[in-house]
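Novice: To start, I am sharing the structure in question, which I have written as structure tokens.
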Amino acid sequence: MPADAEGEKDSRYEAAQKLISFGELTPKNVEQLRKLNLAVFPVKYSDKFYTDLSSNPVQLYTHLAYFTDIMVGAICCRVESQDGAAFKVYIMTIGVLAPYRRLGIGKQLLQKVLEACSLQPDCVEIYLHVQVGNDSAVDFYKGFGFEVGSIVKDYYTRLDVNDAHIISKRPPFLSTS
Amino acid sequence: MTSTRENGLPSKEAGLFKQIVKHYETKQYKKGIKAADTVLKKFPDHGETLSMKGLILNCVDRKAEAYELVRKGVKMDIKSHVCWHVYGLLYRSDREYLQAIKCYRGALRHDPDNMQILRDLSMLQVQMRDLEGFVQTRQHLLTLKPTNKNNWFTFAVAAHLMNRYDKAVNIVKAHEDTLEGTPENDYEHSEMLLYKNMLLEEDGQLQEALDHLESCEKDIVDRLFWLEKRAQLLRQLNRHADAEPLYRQLLKRNPEHVGYHAGLQACVLGAGRAIENWMPEEVDEATEAKLKVLYAELQHHHPKSTVCRRLPLDFARDGAHFRIACKTYILPPLRKGVPSLFADLKPLYRSKPKAEVLGAILEEWLKSLEADGKLPGESRHEMPTVIMWVRALLAQHYDQVGESARALAQIDLAIQHTPTLLDLYMLKARMYKHAGALLQASECMNLARQMDLADRYINTKATRYMLRANQVDEAQKTIALFTKDGDQKSNLFDMQCMWYELEIGQAYCRLARTDASHYGRALKQFTSVDKHFTDIIEDQFDFHTYCIRKMTLRAYVNMLRMEDTVHGHAYYVRAAMGAIEVYIALVDKPKQDAAAAAAADESQMSAGERKKLESKKRKAEAKAKAEAEEAKAKAAVAAKAEKGAKGNKGKPDKPVDEDPEGAALASVDDPLEKASVFLRTLQQHAPKNLRTHTLACALALRKKRYLLALRALRRAVALAPADPDVHTATVEFLLEMDKEAAILPPTIARVLEANRAAIGAPPGKSLEELNKAFLLKAEGAPAAVLAAAALQLQIAPAQKDAAKALVTSLDPSKLSLALAVRAHTLLATSFGDAAAAEAFGAKVRARYPLADYFQPPEVLSQGIQDGKGASE
Ligand SMILES: CC(C)(COP(=O)(O)OP(=O)(O)OC[C@H]1O[C@@H](n2cnc3c(N)ncnc32)[C@H](O)[C@@H]1OP(=O)(O)O)[C@@H](O)C(=O)NCCC(=O)NCCS
């Protein structure tokens, strides 16, 4: 890549940062999240998924990303209690609309959740499933110091590839390696 | 209200009477009634006490008793100005102003200089626009009390309203002369000077106005107005060189003010007229060149101003100039993502060449962005939103030029790109609407609504789209999401939500074509709008004293003028026309039904079928009647319940709607008379609207008032001699005249004969010839062809096929959707040729594949589901 093209790319990335903002999920805008997920993921989530999420969102671990005030990304997690006070955070979905990728939006969404985790001494792990073969997602998590774990056979149903990696991270959540 | 005359009571009772007046003024009604009763015990026929008691009873909502007592009071003491005044107050509280004026005059006969009564009278006079009387009363008041400033200015305004500018100026001047020293209140003094300036300007004394303005510069508080006015007067006096720097100064304050731009342009061009909208104007090369230079300079000085970039799009005539201007204007909001950008461009579409350039530019941009993410000639990669907004613009462009299919394809691509943006679904809904797919449009707009449940605007839009698709129940539920809970209907009425009342009223009108029970509901809505306008007129009342006291004279006069023309507002016109149409339908419908039944009789309908039809009709009638009664009963129960609930609060009850479904409105004995009331307002306030006169003609014909019909026709012909509706009205009128010829009174017949030429139908010319001539002149314009065909059928039913051929030979690709629908209905109903209608419909379907009207029912429901799928 010639040097000036690289520079142009950087300045575009820079300029984009000013246009990115974040917001909360509410019962009023949950339909937009549904549209977003429908476009990003091959699986279709149930109505219950959205009603549960929006009527009682775990605001610490659910964030929406906006580009020029248009919703273009979201991360949704749930909290799984362990023995005693301990809990795990499970990332149910993280997605950014295709035309808005590689602008740092996904990174910032995940970063917000990791920061929230790091403030909770009882949070023992954050983890998720990634479809085997989704290398860009794997690369994405590796950049945050996640570890790629075992494969769960037939985690998905009705997809081309139904197996999934378990990808996880333990404290300290904000370290990258 | 104190009695100056001896009222004939002994001192103890006289004291009590004073108490009554005081209790009334301090709203202690119970005590007032008690005191009155004490007096009346001893003097049961004392007029003024009777009146006062009546006045108080009126305040506690015992109207009937109030009127009875007050009338008795006047009778007992016909010479008492108090009794008359109270009588007037009673009428005034019921908004019966003309009656009130009579009573006040009665009072003044016995106490001509009573200032309180004179003031009350004058307020009614200006409210009723009895300007002559208003001037007299105010003059009288000024003579009685010249020390009161308000008396001067109300008198001046009175003269002003009569267009007696010289007199008004002199009154203000005379008052000025009485002033000495520095004014007490700077603002009021300033307003007085500006009012005087307004009078001079309106009188056409521009030089005097300018001199006056310049002489009082230091006294004017509203500096901006002073500057604007001075610039305007200088310009109007052709002192362009002096006005120009002022406009530049104004633009520095606000570069987005189109009026300043127009002023500056006129100065630079040395033109006599300031032009705010250049689109419909002739622009020669020299003018365009001068403006081009001016705007290059203005854009340089005001780099942030949108208007400086937008105006060249209007005045550019040269293609290259327009192209560059477009790019300069569109790029910044495009990159920023301004959803309303296209609305700003829409006025340009009245010029076909401009529309073409716009389309070409957008297509170029899209192609370039698709190729490498850059705009033509630009080096940087655009943000991801840019291509999406270009698609949205292009889709709107296609939609605007009538290419629905391309529009929908393009907006779908934009939705695919950013499916979370609800504006795109709104645009798509509008495109469906333009394609005639009202159900899909409504569905899609509702989808957009669901994406942001906190957005009132989109909720409103969704409601409107539902109503367009006749989905009345859904619409009522949707609008209720943003009204106060529970009290939906009265809440919308209280908020004077007229767009809604009109839309739902029109929806009921459409539904009424198949279920006549909806006519009442439609009337209910149109009547509500009428009431709002009455209230708007009514609401002036408080301002007559308030504005003078606050010295906002200019605003006051402007408000009065606005009120004078408010019934010409599009909302009122729509409501009034809607109501008239319903009343006409109520009169025509039974006749049409009878005709249809007769026709059915003649045709080979079996006895069984006929029986079925009749019993169906009877059932429908019974149902409508039962519904009306039930509604009435319900309303009565509700009224009782409400009274019970609120009765003990002591507040006056909100009047309960006795006819919430409008059943009573639709069952009046004299629908045509009711329609005429609306019509008269239209004739006064919307005389330039062609429909006013065609409706007037339709009404008059049904009332068999042929000379009125003739007069309406003449007005219509004067407005638009070649209009198909006017031609139709004329021919239908003449057909009716032929039919009635035998029984027409000779005087009327003579007038008709004498006026035939004036309505374009000179004697000796047959209707057939008239219609042929009209057709020839129209040169194939579809609306005219349809009108002529329909008339041909009525004039010469025997030559049905020739008339039908006129319709079937129309080229569907050149028809608007509305005309296509009309052509189809004409074939199906008037010509009664189902096969021809279906064949024609098939051709229209190729042109308007989505239009609901031309879908077979199965396809229609299927289509909605597809629409849902496509939007996701
Ligand atoms: C994964 C996803 C959320 C990333 O969103 P994003 O906004 O594009 O991510 P970012 O721009 O913040 O990228 C952060 C880093 O992740 C890595 N990364 C992201 N996408 C990548 C890709 N396609 N290839 C390689 N690395 C990638 C890069 O290191 C990137 O940093 P860089 O752009 O400076 O090189 C987005 O690609 C997506 O929605 N994918 C589809 C849904 C999905 O697979 N979700 C994960 C499973 S739940």
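By order in the structure tokens, chains are A, B, ...; within a chain, residues start at 1; ligands start at 1, following the order shown.
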Can you tell me, as an NGL selection string, what residues are no more than 8 Å from Tyr165 in chain B when counting only C-alpha atoms, ignoring any on the same chain fewer than 5 positions away?

Specialist: :B and (159-160 or 199-200 or 202-203)

Novice: Would you mind listing what lies within 12 Å of range 41-47 of chain B as a PyMOL selection string, with only C-alpha atoms counted and same-chain residues fewer than 2 positions away left out?

Specialist: chain B and resi 7-10+12-14+17+34-39+49-54+69-84+86-87

Novice: Could you save those same residues with C-alpha atoms as a PDB file, in the first residue's frame?

Specialist:
```
ATOM      1  CA  ASN B   7     -83.074  52.875  41.736  1.00  0.00           C
ATOM      2  CA  GLY B   8     -86.109  53.422  43.881  1.00  0.00           C
ATOM      3  CA  LEU B   9     -85.144  51.377  46.929  1.00  0.00           C
ATOM      4  CA  PRO B  10     -85.175  52.583  50.508  1.00  0.00           C
ATOM      5  CA  LYS B  12     -81.481  49.697  53.688  1.00  0.00           C
ATOM      6  CA  GLU B  13     -82.308  47.819  50.490  1.00  0.00           C
ATOM      7  CA  ALA B  14     -80.254  50.239  48.410  1.00  0.00           C
ATOM      8  CA  PHE B  17     -78.246  46.164  46.280  1.00  0.00           C
ATOM      9  CA  LYS B  34     -78.912  35.572  49.312  1.00  0.00           C
ATOM     10  CA  ALA B  35     -78.762  39.351  49.356  1.00  0.00           C
ATOM     11  CA  ALA B  36     -80.902  39.538  46.225  1.00  0.00           C
ATOM     12  CA  ASP B  37     -83.475  37.254  47.775  1.00  0.00           C
ATOM     13  CA  THR B  38     -83.654  39.484  50.839  1.00  0.00           C
ATOM     14  CA  VAL B  39     -84.413  42.511  48.679  1.00  0.00           C
ATOM     15  CA  THR B  49     -82.407  43.339  41.611  1.00  0.00           C
ATOM     16  CA  LEU B  50     -84.147  40.772  39.454  1.00  0.00           C
ATOM     17  CA  SER B  51     -81.587  41.420  36.728  1.00  0.00           C
ATOM     18  CA  MET B  52     -78.636  41.140  39.079  1.00  0.00           C
ATOM     19  CA  LYS B  53     -79.913  37.897  40.501  1.00  0.00           C
ATOM     20  CA  GLY B  54     -80.298  36.593  36.960  1.00  0.00           C
ATOM     21  CA  LEU B  69     -85.239  36.775  35.682  1.00  0.00           C
ATOM     22  CA  VAL B  70     -83.340  39.188  33.463  1.00  0.00           C
ATOM     23  CA  ARG B  71     -86.212  39.462  31.009  1.00  0.00           C
ATOM     24  CA  LYS B  72     -88.570  40.097  33.884  1.00  0.00           C
ATOM     25  CA  GLY B  73     -86.170  42.712  35.217  1.00  0.00           C
ATOM     26  CA  VAL B  74     -86.176  44.615  31.940  1.00  0.00           C
ATOM     27  CA  LYS B  75     -89.929  44.428  31.817  1.00  0.00           C
ATOM     28  CA  MET B  76     -90.285  45.814  35.331  1.00  0.00           C
ATOM     29  CA  ASP B  77     -87.875  48.661  34.790  1.00  0.00           C
ATOM     30  CA  ILE B  78     -87.613  49.285  31.084  1.00  0.00           C
ATOM     31  CA  LYS B  79     -85.887  52.611  31.643  1.00  0.00           C
ATOM     32  CA  SER B  80     -83.058  51.190  33.695  1.00  0.00           C
ATOM     33  CA  HIS B  81     -79.749  51.054  31.878  1.00  0.00           C
ATOM     34  CA  VAL B  82     -78.646  48.490  34.451  1.00  0.00           C
ATOM     35  CA  CYS B  83     -81.341  46.073  33.375  1.00  0.00           C
ATOM     36  CA  TRP B  84     -80.473  46.502  29.721  1.00  0.00           C
ATOM     37  CA  VAL B  86     -77.265  43.001  32.290  1.00  0.00           C
ATOM     38  CA  TYR B  87     -79.408  41.650  29.489  1.00  0.00           C
TER      39      TYR B  87
END
```

Novice: List as an MDAnalysis selection string the protein and nucleic acid residues lying within 9 Å of ligand 1, with only C-alpha atoms and all ligand atoms counted.

Specialist: chainID A and resid 37 40:42 73:75 91:110 128:131 134:144

Novice: Compute the chain B side of the contact with chain A at 10 Å, counting only C-alpha atoms, and hand it back as JSON, numbers by chain.

Specialist: {"B": [335, 336, 337, 338, 379, 380, 381, 382, 383, 384, 385, 387, 388, 416, 417, 418, 419, 420, 421, 422, 447, 448, 449, 450, 451, 452, 453, 454, 455, 872]}

Novice: Quick one: residues within 7 Å of Ala851 in chain B, only C-alpha atoms, excluding same-chain residues fewer than 6 positions away - as a PDB file with N, CA, C and O atoms, in the first residue's frame?

Specialist:
```pdb
ATOM      1  N   ALA B 435     -47.071   5.181  -5.465  1.00  0.00           N
ATOM      2  CA  ALA B 435     -47.350   4.116  -6.425  1.00  0.00           C
ATOM      3  C   ALA B 435     -48.788   3.632  -6.298  1.00  0.00           C
ATOM      4  O   ALA B 435     -49.199   2.711  -6.990  1.00  0.00           O
ATOM      5  N   GLY B 436     -49.533   4.218  -5.368  1.00  0.00           N
ATOM      6  CA  GLY B 436     -50.929   3.829  -5.193  1.00  0.00           C
ATOM      7  C   GLY B 436     -51.098   2.643  -4.263  1.00  0.00           C
ATOM      8  O   GLY B 436     -52.205   2.140  -4.108  1.00  0.00           O
ATOM      9  N   ALA B 437     -49.997   2.194  -3.626  1.00  0.00           N
ATOM     10  CA  ALA B 437     -50.086   1.038  -2.723  1.00  0.00           C
ATOM     11  C   ALA B 437     -50.276   1.549  -1.304  1.00  0.00           C
ATOM     12  O   ALA B 437     -49.349   1.568  -0.502  1.00  0.00           O
TER      13      ALA B 437
END
```

Novice: Using only C-alpha atoms, can you tell me which of A:Phe87, A:Tyr66, A:Tyr61, A:Tyr156 comes closest to Gln17 in chain A?

Specialist: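 Checking each candidate against Gln17 in chain A, we get A:Tyr66 as the closest.
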
Novice: Have a look at B:Ile220, B:Ala837, B:Val283, B:Met192 and name the one nearest to Glu176 in chain B; count only C-alpha atoms.

Specialist: B:Met192

Novice: Please identify all polymer residues within 12 Å of His240 in chain B, counting only C-alpha atoms, omitting same-chain residues fewer than 6 positions from it, and present them as a PyMOL selection string.

Specialist: chain B and resi 230-234+246-247+263-274

Novice: If you keep N, CA and C atoms, can you produce a file of those selected residues as a CSV table (one decimal), in the first residue's frame?

Specialist:
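As written to disk, part.csv reads:
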```
chain,number,residue,atom,x,y,z
B,230,ARG,N,-36.2,50.6,7.2
B,230,ARG,CA,-35.5,51.6,6.5
B,230,ARG,C,-35.0,51.1,5.2
B,231,ALA,N,-34.4,49.9,5.2
B,231,ALA,CA,-33.8,49.3,4.0
B,231,ALA,C,-35.0,49.2,3.0
B,232,GLN,N,-36.1,48.7,3.5
B,232,GLN,CA,-37.2,48.4,2.6
B,232,GLN,C,-37.7,49.7,1.9
B,233,LEU,N,-37.9,50.7,2.7
B,233,LEU,CA,-38.4,52.0,2.2
B,233,LEU,C,-37.5,52.6,1.2
B,234,LEU,N,-36.2,52.6,1.5
B,234,LEU,CA,-35.2,53.1,0.6
B,234,LEU,C,-35.3,52.4,-0.7
B,246,LEU,N,-27.4,48.7,3.7
B,246,LEU,CA,-28.2,48.2,4.8
B,246,LEU,C,-28.5,46.8,4.7
B,247,TYR,N,-28.8,46.3,3.5
B,247,TYR,CA,-29.1,44.9,3.4
B,247,TYR,C,-27.9,44.0,3.7
B,263,GLY,N,-34.0,41.5,-1.0
B,263,GLY,CA,-33.8,43.0,-1.0
B,263,GLY,C,-32.4,43.4,-1.6
B,264,LEU,N,-31.4,42.6,-1.2
B,264,LEU,CA,-30.1,42.9,-1.7
B,264,LEU,C,-30.0,42.7,-3.2
B,265,GLN,N,-30.6,41.6,-3.6
B,265,GLN,CA,-30.6,41.3,-5.1
B,265,GLN,C,-31.3,42.4,-5.9
B,266,ALA,N,-32.4,42.9,-5.4
B,266,ALA,CA,-33.1,44.0,-6.1
B,266,ALA,C,-32.2,45.2,-6.2
B,267,CYS,N,-31.5,45.5,-5.1
B,267,CYS,CA,-30.6,46.7,-5.1
B,267,CYS,C,-29.5,46.5,-6.2
B,268,VAL,N,-28.9,45.3,-6.1
B,268,VAL,CA,-27.8,45.0,-7.1
B,268,VAL,C,-28.3,45.0,-8.5
B,269,LEU,N,-29.5,44.5,-8.7
B,269,LEU,CA,-30.0,44.5,-10.1
B,269,LEU,C,-30.7,45.8,-10.5
B,270,GLY,N,-30.8,46.7,-9.5
B,270,GLY,CA,-31.6,47.9,-9.8
B,270,GLY,C,-33.0,47.6,-10.2
B,271,ALA,N,-33.6,46.6,-9.6
B,271,ALA,CA,-34.9,46.1,-10.0
B,271,ALA,C,-36.0,46.7,-9.0
B,272,GLY,N,-37.2,46.9,-9.6
B,272,GLY,CA,-38.3,47.5,-8.8
B,272,GLY,C,-38.9,46.5,-7.8
B,273,ARG,N,-38.6,45.2,-8.0
B,273,ARG,CA,-39.3,44.2,-7.2
B,273,ARG,C,-38.3,43.3,-6.5
B,274,ALA,N,-38.6,43.0,-5.3
B,274,ALA,CA,-37.7,42.0,-4.6
B,274,ALA,C,-38.3,40.6,-4.8
```

Novice: Which residues, written as a ChimeraX atom specification, have at least one atom at most 7 Å from Val89 in chain A, with only C-alpha atoms counted and residues fewer than 4 positions away on the same chain left out?

Specialist: /A:77-80,125-127

Novice: So what do you get for CA of Leu791 in chain B versus CA of Leu744 in chain B, distance-wise?

Specialist: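 We find that CA of Leu791 in chain B and CA of Leu744 in chain B lie 23.1 Å from each other.
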
Novice: May I have all residues of range 82-134 of chain B that DSSP, computed from the backbone, assigns to alpha helix (DSSP H), given as a PyMOL selection string?

Specialist: chain B and resi 82-93+97-110+115-127+131-134

Novice: Which residue is closest to Lys843 in chain B? Choose from B:Asp811, B:Asp113, B:Arg822, B:Thr730 and count only C-alpha atoms.

Specialist: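 Looking only at the distances to Lys843 in chain B, the closest residue turns out to be B:Asp811.
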
Novice: For the atom pair CA of Tyr508 in chain B and CA of Ala598 in chain B, what is the interatomic distance in Å to one decimal place?

Specialist: 27.7 Å

Novice: Mind giving me the straight-line distance from CA of Arg756 in chain B to CA of Pro782 in chain B in Å, one decimal?

Specialist: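 About the pair CA of Arg756 in chain B and CA of Pro782 in chain B: they are 26.5 Å apart.
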